[in-house]
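The structure appears below as structure tokens.
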Amino acid sequence: MLQVARLAPTLLGDSRDLVGTFLRDGVNADGGFRDRAGDSDLYYTVFGVEGLLALREPVPETTRDYLERFDAGASLDFVHLTCLARAWASVSRTGPPPDVATRIAARLQSFRSGDGGYAVTEGAADGTPYACFLALGAMQDLGAPLAGAGGMLDCLERNRTADGAYANHPGADEGSTPATAAAAMVMRHLDRQPDPAVVPWLLARCHRDGGFFAAPRAPLPDLLSTATALHVLAALHADVGPLREPCLDFVDTLWTSAGGFYGSWADQTLDCEYTYYGLLALGHLSL
């Protein structure tokens, strides 16, 4: 994803510096990146760091100090624990100290679900594509072996939807774009080819004026769904040529001269998460 996001400046042109300034201005004094309330947050720090790396800009030295405060993340929930692993991998080529990496990887295993996947809560019977995607990435970031890959694939299959996509809970009639993207990427990393039906399902989520909907009945397209859909469609070698110009127009409608991107037409708050998704979408649309 980062490799593709690094292509965004070819379309940003002179606006590239505005994005860099916006991301740098999002760092608090403690080295963490601000969430929508202005507080430092590991989740937003991942997107802020990845955004700066996509622009080939240095990460603040204070961000490493911010990560060190969490040690191995004993007090963190699942999502923030995986963010700690990702942030370390982005800030330091060697990742966290070896003993910290070992303890993070060990704690991640407490989120294995009863169906063999991963869940965002401990002791859950059912895992989700979202949690499997985050866990797989975290284990890779930590350089830790992934056990039970077959169980993860079984978990994903349990989350197949009646319309041929994936949701973040079993038995759903309709899939969601982010969950389908997560499932497809995990399958590819585990050497399982996603069902070809995923491609037409994702293509059908594209708004006529550009941008992808999060679900079949979602009211508006959004930037997260657009970026993740384009990423998976590219990975599956789908032809998105006809969607390029409409999607470029869509992304442009979410751009602001402040240097950030809104998440959708209904959004009124800028943050580094959606700004990163803007870079990822532009990276794919530059190809």
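Numbering starts fresh at 1 for the residues of each chain in the structure tokens, the chains themselves are lettered A, B, ... in the order given, and ligands are numbered from 1 as they appear.
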
Write out as a list in words which residues come within 12 Å of Ala74 of chain A when counting only C-alpha atoms, dropping same-chain ones fewer than 4 positions away.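 Surrounding residues, per the criterion: Arg69, Phe70, Phe78, His80, Leu81, Thr82, Leu84, Val100, Arg103, Ile104, Ala105, Ala106, Arg107, Leu108 and Ser110 of chain A.
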
Would you kindly return, as a list in words, each protein, DNA or RNA residue with an atom no farther than 7 Å from any atom of segment 186-195 of chain A, considering only C-alpha atoms and excluding same-chain residues fewer than 4 positions away?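 Everything that qualifies: Phe133, Ala149, Leu153 and Ala182 of chain A.
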
Atom CA of Cys206 of chain A and atom CA of Ala172 of chain A, how far apart in Å?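 Distance between the two atoms: 20.8 Å.
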
Near-Gly38 of chain A list (12 Å; only C-alpha atoms; drop same-chain fewer than 4 positions) as a VMD selection string: chain A and resid 25 to 29 32 to 34 44 to 45 269 to 272

How would the residues just chosen look if you wrote them out with C-alpha atoms as a CSV table (one decimal), in the first residue's frame?
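File written: part37.csv
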```
chain,number,residue,atom,x,y,z
A,25,ASP,CA,0.9,20.0,11.6
A,26,GLY,CA,-1.0,17.0,12.9
A,27,VAL,CA,1.7,15.9,15.3
A,28,ASN,CA,1.3,16.8,19.0
A,29,ALA,CA,4.2,17.7,21.3
A,32,GLY,CA,1.7,11.2,18.5
A,33,PHE,CA,-0.6,12.3,15.6
A,34,ARG,CA,-3.9,13.9,16.5
A,44,TYR,CA,-4.1,8.1,13.7
A,45,THR,CA,-0.3,8.0,14.2
A,269,THR,CA,-13.5,17.2,9.6
A,270,LEU,CA,-10.1,16.7,8.2
A,271,ASP,CA,-7.7,14.0,9.6
A,272,CYS,CA,-4.6,12.1,8.7
```

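Comparing A:His284, A:Arg158, A:Arg56, A:Arg217 by their smallest distance to Leu248 of chain A, the closest is A:His284 (using only C-alpha atoms).
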
Pick from A:Val91, A:Ala227, A:Leu285, A:Ala72: nearest to Thr10 of chain A, with only C-alpha atoms counted? A:Leu285

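Using only C-alpha atoms, the smallest distance between any of A:Gly259, A:Pro58, A:Gly31, A:Ser286 and Asp14 of chain A comes from A:Gly259.
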
Interatomic distance, atom CA of Gly151 of chain A to atom CA of Ala124 of chain A (Å, one decimal):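 Here the two named atoms are 14.2 Å from each other.
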
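Scanning segment 90-167 of chain A with DSSP on the backbone, the strand (DSSP E or B) assignments fall on Arg112, Tyr118, Arg160 and Tyr166 of chain A.
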
Using backbone DSSP assignments, extract all helix (DSSP H, G or I) residues from segment 76-118 of chain A; output them as a list in words. Phe78, Val79, His80, Leu81, Thr82, Cys83, Leu84, Ala85, Arg86, Ala87, Trp88, Ala89, Ser90, Val91, Pro98, Asp99, Val100, Ala101, Thr102, Arg103, Ile104, Ala105, Ala106, Arg107, Leu108, Gln109, Ser110 and Phe111 of chain A

Would you mind reading off the distance between atom CA of Tyr43 of chain A and atom CA of Val79 of chain A, one decimal, in Å?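 Atom CA of Val79 of chain A lies at a distance of 7.6 Å from atom CA of Tyr43 of chain A.
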
Do a neighbour search on Arg160 of chain A at 12 Å with only C-alpha atoms, toss out local chain neighbours closer than 6 positions, and write the hits as a list of chain:residue names. A:Thr128, A:Pro129, A:Leu153, A:Asp154, A:Tyr166, A:Ala167, A:Asn168, A:His169, A:Pro170, A:Gly171, A:Ala172, A:Asp173, A:Glu174, A:Gly175, A:Ser176, A:Ala179, A:Thr180, A:Ala183, A:Ala184, A:Pro194, A:Asp195, A:Ala197, A:Val198

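Each of A:Asp30, A:Glu57, A:Trp88, A:Ala135 was checked against Gln109 of chain A using only C-alpha atoms; the smallest atom-to-atom distance is that of A:Ala135.
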
Write out as JSON, numbers by chain each polymer residue whose atoms come within 9 Å of Thr253 of chain A, counting only C-alpha atoms; drop sequence neighbours fewer than 5 positions from it. {"A": [248, 261, 262, 264, 265]}

I need the residues from that last selection saved to file as a compact mmCIF listing (two decimals), in the first residue's frame (with C-alpha atoms), if you can.
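Result file part.txt:
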```txt
# COMPACT_ATOMS: atom_id res chain seq x y z
CA LEU A 248 -10.18 11.25 -9.92
CA PHE A 261 -8.93 15.14 2.39
CA TYR A 262 -12.43 14.70 3.74
CA SER A 264 -16.95 11.76 2.14
CA TRP A 265 -19.20 14.51 0.84
```

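In terms of minimum interatomic distance to Ala101 of chain A, A:Ala89 ranks closest within A:Ala54, A:Ala89, A:Met152, A:Leu280, counting only C-alpha atoms.
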
Have a look at A:Glu245, A:Ala266, A:Pro96, A:Gly260 and name the one nearest to Arg24 of chain A; count only C-alpha atoms.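 Selected residue with least distance to Arg24 of chain A: A:Gly260.
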